[in-house]
Every structure is written in C-alpha cells, then in structure tokens.
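Below is one structure; the comments refer to it alone.
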Amino acid sequence: EPVVAIVVAAGSGVRLGNSSAGGHGPKALRKLSGVPLLRHSIDRLIAGGVDRVVVVSRPEFRKQMRATLAGIDLPITFTDGGATRTDSVRNGLRVLEGVPPVILVHDAARPLVPAEVVSRVIAAVRGGSSTVIPVISLIDSVRAVEPHGSRVVDRSGLRAVQTPQGFDGATLIDAYDHLPADTLFTDDASVCEAQGSEVALVEGSVLSMKITRPHDFLFAEALLQAGLA
Ligand code: CTP
Ligand code: MG
C-alpha cells in the first residue's frame with residue numbers, strides 16, 4: 001500500500017526576514033549543514049516509509065527545488081502553491097492519481113523530523129485511524145489572556161501539534177472537498193475534524209521543530225553537527 005507525502009514548501013519565510021514575495025529565496029531552499037531544508041525533510045520522510053512525494057512550491061523555484069532532489073529514486077511530482085498553507089495543501093491533493101490509502105502532509109520547514117515519527121504516523125493510519133497527528137507536551141507555563149487580566153492554563157492537558165500528519169486518503173480528500181470558506185485552519189487534522197473525523201495522537205519529537213526564525217537554523221545545525229538529529 002503506497003504512502004504519498006505532500007510536502008508544502010510554498011511559503012515566503014517572512015519571519016526569517018524575507019519579504020512576502022520571498023525575496024532571498026524560499027525557506028525550503030535555505031541550507032542546514034549545506035543541505036536544503038526541503039531535501040532534509042524528504043530524505044527523512046522516505047526513511048520513515050514514504051513511497052511517493054508531491055512538492056508544493058512557488059513556480060519560480062520549482063527548477064531549483066527539483067535540482068536539490070536529484071538522485072532520489074522514487075516518484076516526485078511538483079505543483080504550485082497557493083496564498084495560504086491550506087490552499088497549498090489543496091493544490092497538492094489535486095495532482096494525486098486516484099485515492100492513495102495513506103497520505104501524509106508535511107511542512108518542508110520541519111527538516112529534522114525523525115524517521116521513527118514518520119513511521120509511527122503511518123502505522124497509526126494503517127492501524128485504522130483516519131486522522132493522525134504527532135504531538136509533544138509543552139515546556140513553558142501557559143496563560144490565557146482575557147479582556148481583563150489573564151489566567152493560568154493547566155499545561156499537563158495541552159499538546160503542541162507537529163507534522164507529518166497522516167490520513168486515510170479518502171478522508172483527507174473528502175475533507176478538502178468540503179472545506180468551509182469562512183474558517184481559518186492552521187493544520188490538516190482540523191480540516192478533517194470539521195468533517196467529523198476523530199483525531200488520533202501519537203508521540204512527536206522536539207527534533208521536528210519548525211524552522212521559523214533565524215536562530216532556529218543555529219539550533220538545528222548544532223543538533224545535526226552533534227549527531228543528535
Ligand atoms: N506554506 C505553503 N504555502 C503557503 C504558506 C506556507 O506551502 N502559502 C508552507 C511553508 O513553505 C512551510 C509550511 O507551510 O513549509 C509551514 O509554514 P511556515 O512555517 O509558516 O512557513 P512560511 O509561511 O514560509 O513562513 P512565514 O510564515 O514566516 O512567512
Ligand atoms: Mg507562514
């Protein structure tokens with residue numbers, strides 16, 4: 001049963017210091033220990049059991065992205081990104097052939113995701129969960145800000161949500177076909193949940209952090225150099 005991964009790489013990297021037009025080139029092509037984030041991410045997805053990849057990117061960077069994936073010995077399809085991450089995922093779903101039994105959706109910006117997390121997500125989908133997310137517990141104390149003051153929130157009941165998120169293919173495709181126009185979704189599991197899917201949680205990893213600000217590169221590079229990621 002093939003596992004298809006949609007890798008979203010069409011963002012601008014504004015929090016890295018890029019203009020919204022993607023000035024210095026997309027975040028996914030920025031290098032970590034000499035290797036673009038996109039390549040790290042896809043290598044790890046493949047190590048975790050992915051058989052096919054769809055890369056969603058801005059058309060002007062497609063050629064460069066294809067070049068960084070040279071030598072990968074499985075099918076890679078490209079398609080164009082949209083204005084939001086949700087639009088980009090939807091574009092990725094449009095180029096799938098048929099309905100793959102397992103679809104993963106992964107941020108190119110999470111280059112150090114451990115292969116074990118990828119295979120854990122795949123195993124949970126194969127085990128019958130239609131929507132699977134990797135999560136980690138929170139480190140900091142958390143407060144909810146209210147109109148007048150704030151209140152502490154019990155951290156032990158909260159989880160931070162990562163990618164790759166895994167889906168039964170029919171569930172994900174159907175959920176994106178019924179996407180409500182007026183709701184902002186920040187991940188794909190919530191799109192499926194809006195159509196009634198139950199969300200299953202598996203253990204994620206601190207190594208799957210999303211490269212967002214410039215110092216994240218320093219941290220990720222140090223982890224790689226130390227052999228910890
Ligand atoms: N993404 C995408 N299409 C968009 C927006 C985001 O494919 N329209 C992708 C990004 O390329 C990234 C992932 O979604 O791999 C998570 O987004 P984020 O970390 O926010 O990346 P950017 O949107 O590029 O960064 P920023 O928000 O700082 O501009
Ligand atoms: Mg963004």
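Within each chain, counting starts at residue 1; across the structure tokens, chains are named A, B, ... in the order shown, with ligands numbered 1 upward in that order.
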
Residue set, segment 119-164 of chain A restricted to helix (DSSP H, G or I), as a list of chain:residue names: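 Checking each residue of segment 119-164 of chain A, the helix (DSSP H, G or I) ones are A:Ser119, A:Arg120, A:Val121, A:Ile122, A:Ala123, A:Ala124, A:Val125, A:Arg126, A:Arg155, A:Ser156, A:Gly157.
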
Give me a file of those residues, with N, CA and C atoms, as a PDB file, in the first residue's frame.
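Result file is result05.pdb:
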```pdb
ATOM      1  N   SER A 119       7.258   6.926  10.687  1.00  0.00           N
ATOM      2  CA  SER A 119       6.715   5.564  10.624  1.00  0.00           C
ATOM      3  C   SER A 119       5.627   5.343  11.680  1.00  0.00           C
ATOM      4  N   ARG A 120       5.721   6.037  12.803  1.00  0.00           N
ATOM      5  CA  ARG A 120       4.664   5.952  13.817  1.00  0.00           C
ATOM      6  C   ARG A 120       3.336   6.487  13.273  1.00  0.00           C
ATOM      7  N   VAL A 121       3.406   7.609  12.554  1.00  0.00           N
ATOM      8  CA  VAL A 121       2.195   8.201  11.978  1.00  0.00           C
ATOM      9  C   VAL A 121       1.599   7.246  10.932  1.00  0.00           C
ATOM     10  N   ILE A 122       2.460   6.702  10.074  1.00  0.00           N
ATOM     11  CA  ILE A 122       1.989   5.776   9.030  1.00  0.00           C
ATOM     12  C   ILE A 122       1.340   4.547   9.683  1.00  0.00           C
ATOM     13  N   ALA A 123       1.992   4.000  10.704  1.00  0.00           N
ATOM     14  CA  ALA A 123       1.468   2.795  11.365  1.00  0.00           C
ATOM     15  C   ALA A 123       0.097   3.056  11.981  1.00  0.00           C
ATOM     16  N   ALA A 124      -0.105   4.245  12.543  1.00  0.00           N
ATOM     17  CA  ALA A 124      -1.401   4.554  13.163  1.00  0.00           C
ATOM     18  C   ALA A 124      -2.502   4.637  12.108  1.00  0.00           C
ATOM     19  N   VAL A 125      -2.170   5.195  10.921  1.00  0.00           N
ATOM     20  CA  VAL A 125      -3.178   5.252   9.845  1.00  0.00           C
ATOM     21  C   VAL A 125      -3.485   3.834   9.375  1.00  0.00           C
ATOM     22  N   ARG A 126      -2.427   3.046   9.177  1.00  0.00           N
ATOM     23  CA  ARG A 126      -2.631   1.651   8.733  1.00  0.00           C
ATOM     24  C   ARG A 126      -3.415   0.859   9.763  1.00  0.00           C
ATOM     25  N   ARG A 155      -1.108  23.137  31.957  1.00  0.00           N
ATOM     26  CA  ARG A 155      -0.226  22.719  30.863  1.00  0.00           C
ATOM     27  C   ARG A 155      -0.288  21.210  30.616  1.00  0.00           C
ATOM     28  N   SER A 156      -0.545  20.438  31.670  1.00  0.00           N
ATOM     29  CA  SER A 156      -0.456  18.979  31.507  1.00  0.00           C
ATOM     30  C   SER A 156      -1.510  18.450  30.533  1.00  0.00           C
ATOM     31  N   GLY A 157      -2.575  19.226  30.319  1.00  0.00           N
ATOM     32  CA  GLY A 157      -3.609  18.778  29.392  1.00  0.00           C
ATOM     33  C   GLY A 157      -3.434  19.319  27.984  1.00  0.00           C
TER      34      GLY A 157
END
```

Distance filter 9 Å around ligand 2, atoms: only C-alpha atoms and all ligand atoms, out as an MDAnalysis selection string: chainID A and resid 11:15 84:85 212

Please write the residues from the selection above to a file, keeping C-alpha atoms, as a compact mmCIF listing (two decimals), in the first residue's frame.
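Output below, filename result-v4.txt:
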```
# COMPACT_ATOMS: atom_id res chain seq x y z
CA GLY A 11 5.66 29.85 1.98
CA SER A 12 7.60 33.13 1.93
CA GLY A 13 9.60 32.82 5.13
CA VAL A 14 8.62 36.30 6.35
CA ARG A 15 9.66 35.51 9.93
CA THR A 84 -2.29 30.14 2.35
CA ARG A 85 -0.94 26.82 3.59
CA THR A 212 10.71 29.77 11.65
```

Selection: 9 Å around Glu198 of chain A, only C-alpha atoms, excl. self and same-chain fewer than 3 positions, as a list in words: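 The filter keeps Ser129, Ser130, Thr131, Val132, Ala189, Cys192 and Glu193 of chain A.
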
Output C-alpha atoms for every residue in the selection just made, as a PDB file, in the first residue's frame.
```pdb
ATOM      1  CA  SER A 129      -7.069   5.836  12.478  1.00  0.00           C
ATOM      2  CA  SER A 130      -8.277   8.163   9.719  1.00  0.00           C
ATOM      3  CA  THR A 131      -6.533  11.293  11.092  1.00  0.00           C
ATOM      4  CA  VAL A 132      -3.225  11.121  12.969  1.00  0.00           C
ATOM      5  CA  ALA A 189      -6.212  17.418  11.028  1.00  0.00           C
ATOM      6  CA  CYS A 192     -10.751  16.569   8.707  1.00  0.00           C
ATOM      7  CA  GLU A 193     -12.127  17.144  12.196  1.00  0.00           C
TER       8      GLU A 193
END
```

Contacts to ligand 1 at 10 Å cut-off (only C-alpha atoms and all ligand atoms) as a ChimeraX atom specification: /A:6-22,26-29,37-38,41,55-58,80-89,91-92,105-111,163,186-187,209-213

Distance query Glu97 of chain A at most 12 Å, only C-alpha atoms, self and fewer than 5 positions along chain excluded, as a list in words: Pro2, Val4, Arg52, Val53, Val54, Thr77, Gly92, Ile103, Gly169 and Ile173 of chain A

Put those residues in a file: C-alpha atoms, as a compact mmCIF listing (two decimals), in the first residue's frame.
```txt
# COMPACT_ATOMS: atom_id res chain seq x y z
CA PRO A 2 1.76 3.15 -1.18
CA VAL A 4 2.15 9.52 -0.53
CA ARG A 52 5.81 8.97 -3.44
CA VAL A 53 6.21 12.71 -2.91
CA VAL A 54 4.27 15.76 -4.09
CA THR A 77 5.58 15.43 -8.61
CA GLY A 92 -1.17 19.15 -3.67
CA ILE A 103 -1.44 10.44 2.69
CA GLY A 169 -6.57 9.18 1.72
CA ILE A 173 -9.53 14.33 0.02
```

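Atom to atom, atom CA of Thr79 of chain A and atom CA of Pro134 of chain A stand 25.6 Å apart.
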
Residue nearest Pro100 of chain A - candidates A:Val50, A:Ala181, A:Val118, A:Ala222, atoms counted: only C-alpha atoms: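 Looking at the shortest contact to Pro100 of chain A, the residue is A:Val50.
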
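Taking atom CA of Asp140 of chain A as the reference point, atom CA of Val161 of chain A is found at 15.2 Å.
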
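When only C-alpha atoms are used to compute distances to Gly204 of chain A, the closest of the residues A:Ile136, A:Val191, A:Ala70, A:Leu112 turns out to be A:Ile136.
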
Nearest residue to Ser197 of chain A from the set A:Ala144, A:Ala115, A:Leu172, A:Leu96 (distances using only C-alpha atoms): A:Leu172

Two-atom distance - atom CA of Val102 of chain A, atom CA of Ile46 of chain A (Å): 13.9 Å

Segment 3-229 of chain A: residues DSSP assigns to strand (DSSP E), reported as an NGL selection string: :A and (3-8 or 31-32 or 35-36 or 52-57 or 76-80 or 102-107 or 131-136 or 142-145 or 150-153 or 160-161 or 165-168 or 199-203)

Who sits within 12 Å of Ile72 of chain A, only C-alpha atoms, same chain under 5 positions skipped, as a list of chain:residue names: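 Using only C-alpha atoms, the neighbours found are A:Arg39, A:His40, A:Ile42, A:Asp43, A:Arg44, A:Leu45, A:Ile46, A:Ala47, A:Asp51, A:Arg52, A:Val53, A:Arg66, A:Ala67.
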
Quick one: write out the picked residues with N, CA and C atoms as a JSON list (two decimals), in the first residue's frame?
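Contents of the output file part-v2.json:
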```
[["chain", "number", "residue", "atom", "x", "y", "z"],
["A", 39, "ARG", "N", 15.27, 19.06, 1.11],
["A", 39, "ARG", "CA", 15.95, 17.76, 0.92],
["A", 39, "ARG", "C", 16.02, 16.98, 2.24],
["A", 40, "HIS", "N", 16.37, 17.68, 3.33],
["A", 40, "HIS", "CA", 16.36, 17.02, 4.64],
["A", 40, "HIS", "C", 14.99, 16.39, 4.90],
["A", 42, "ILE", "N", 12.50, 15.57, 2.92],
["A", 42, "ILE", "CA", 12.09, 14.46, 2.05],
["A", 42, "ILE", "C", 12.93, 13.21, 2.33],
["A", 43, "ASP", "N", 14.21, 13.38, 2.59],
["A", 43, "ASP", "CA", 15.04, 12.21, 2.95],
["A", 43, "ASP", "C", 14.48, 11.51, 4.19],
["A", 44, "ARG", "N", 14.05, 12.29, 5.16],
["A", 44, "ARG", "CA", 13.53, 11.69, 6.40],
["A", 44, "ARG", "C", 12.16, 11.05, 6.20],
["A", 45, "LEU", "N", 11.33, 11.67, 5.35],
["A", 45, "LEU", "CA", 10.04, 11.05, 5.04],
["A", 45, "LEU", "C", 10.25, 9.70, 4.38],
["A", 46, "ILE", "N", 11.21, 9.65, 3.46],
["A", 46, "ILE", "CA", 11.48, 8.39, 2.75],
["A", 46, "ILE", "C", 12.03, 7.34, 3.73],
["A", 47, "ALA", "N", 12.93, 7.77, 4.60],
["A", 47, "ALA", "CA", 13.49, 6.84, 5.60],
["A", 47, "ALA", "C", 12.38, 6.29, 6.49],
["A", 51, "ASP", "N", 6.57, 6.48, -0.08],
["A", 51, "ASP", "CA", 6.89, 5.92, -1.40],
["A", 51, "ASP", "C", 6.79, 6.91, -2.56],
["A", 52, "ARG", "N", 6.03, 7.96, -2.39],
["A", 52, "ARG", "CA", 5.81, 8.97, -3.44],
["A", 52, "ARG", "C", 5.75, 10.32, -2.78],
["A", 53, "VAL", "N", 6.20, 11.37, -3.51],
["A", 53, "VAL", "CA", 6.21, 12.71, -2.91],
["A", 53, "VAL", "C", 5.58, 13.70, -3.88],
["A", 66, "ARG", "N", 13.70, 20.99, -7.79],
["A", 66, "ARG", "CA", 13.90, 19.70, -8.44],
["A", 66, "ARG", "C", 15.37, 19.31, -8.41],
["A", 67, "ALA", "N", 16.24, 20.30, -8.67],
["A", 67, "ALA", "CA", 17.68, 20.03, -8.69],
["A", 67, "ALA", "C", 18.18, 19.54, -7.32]]
```
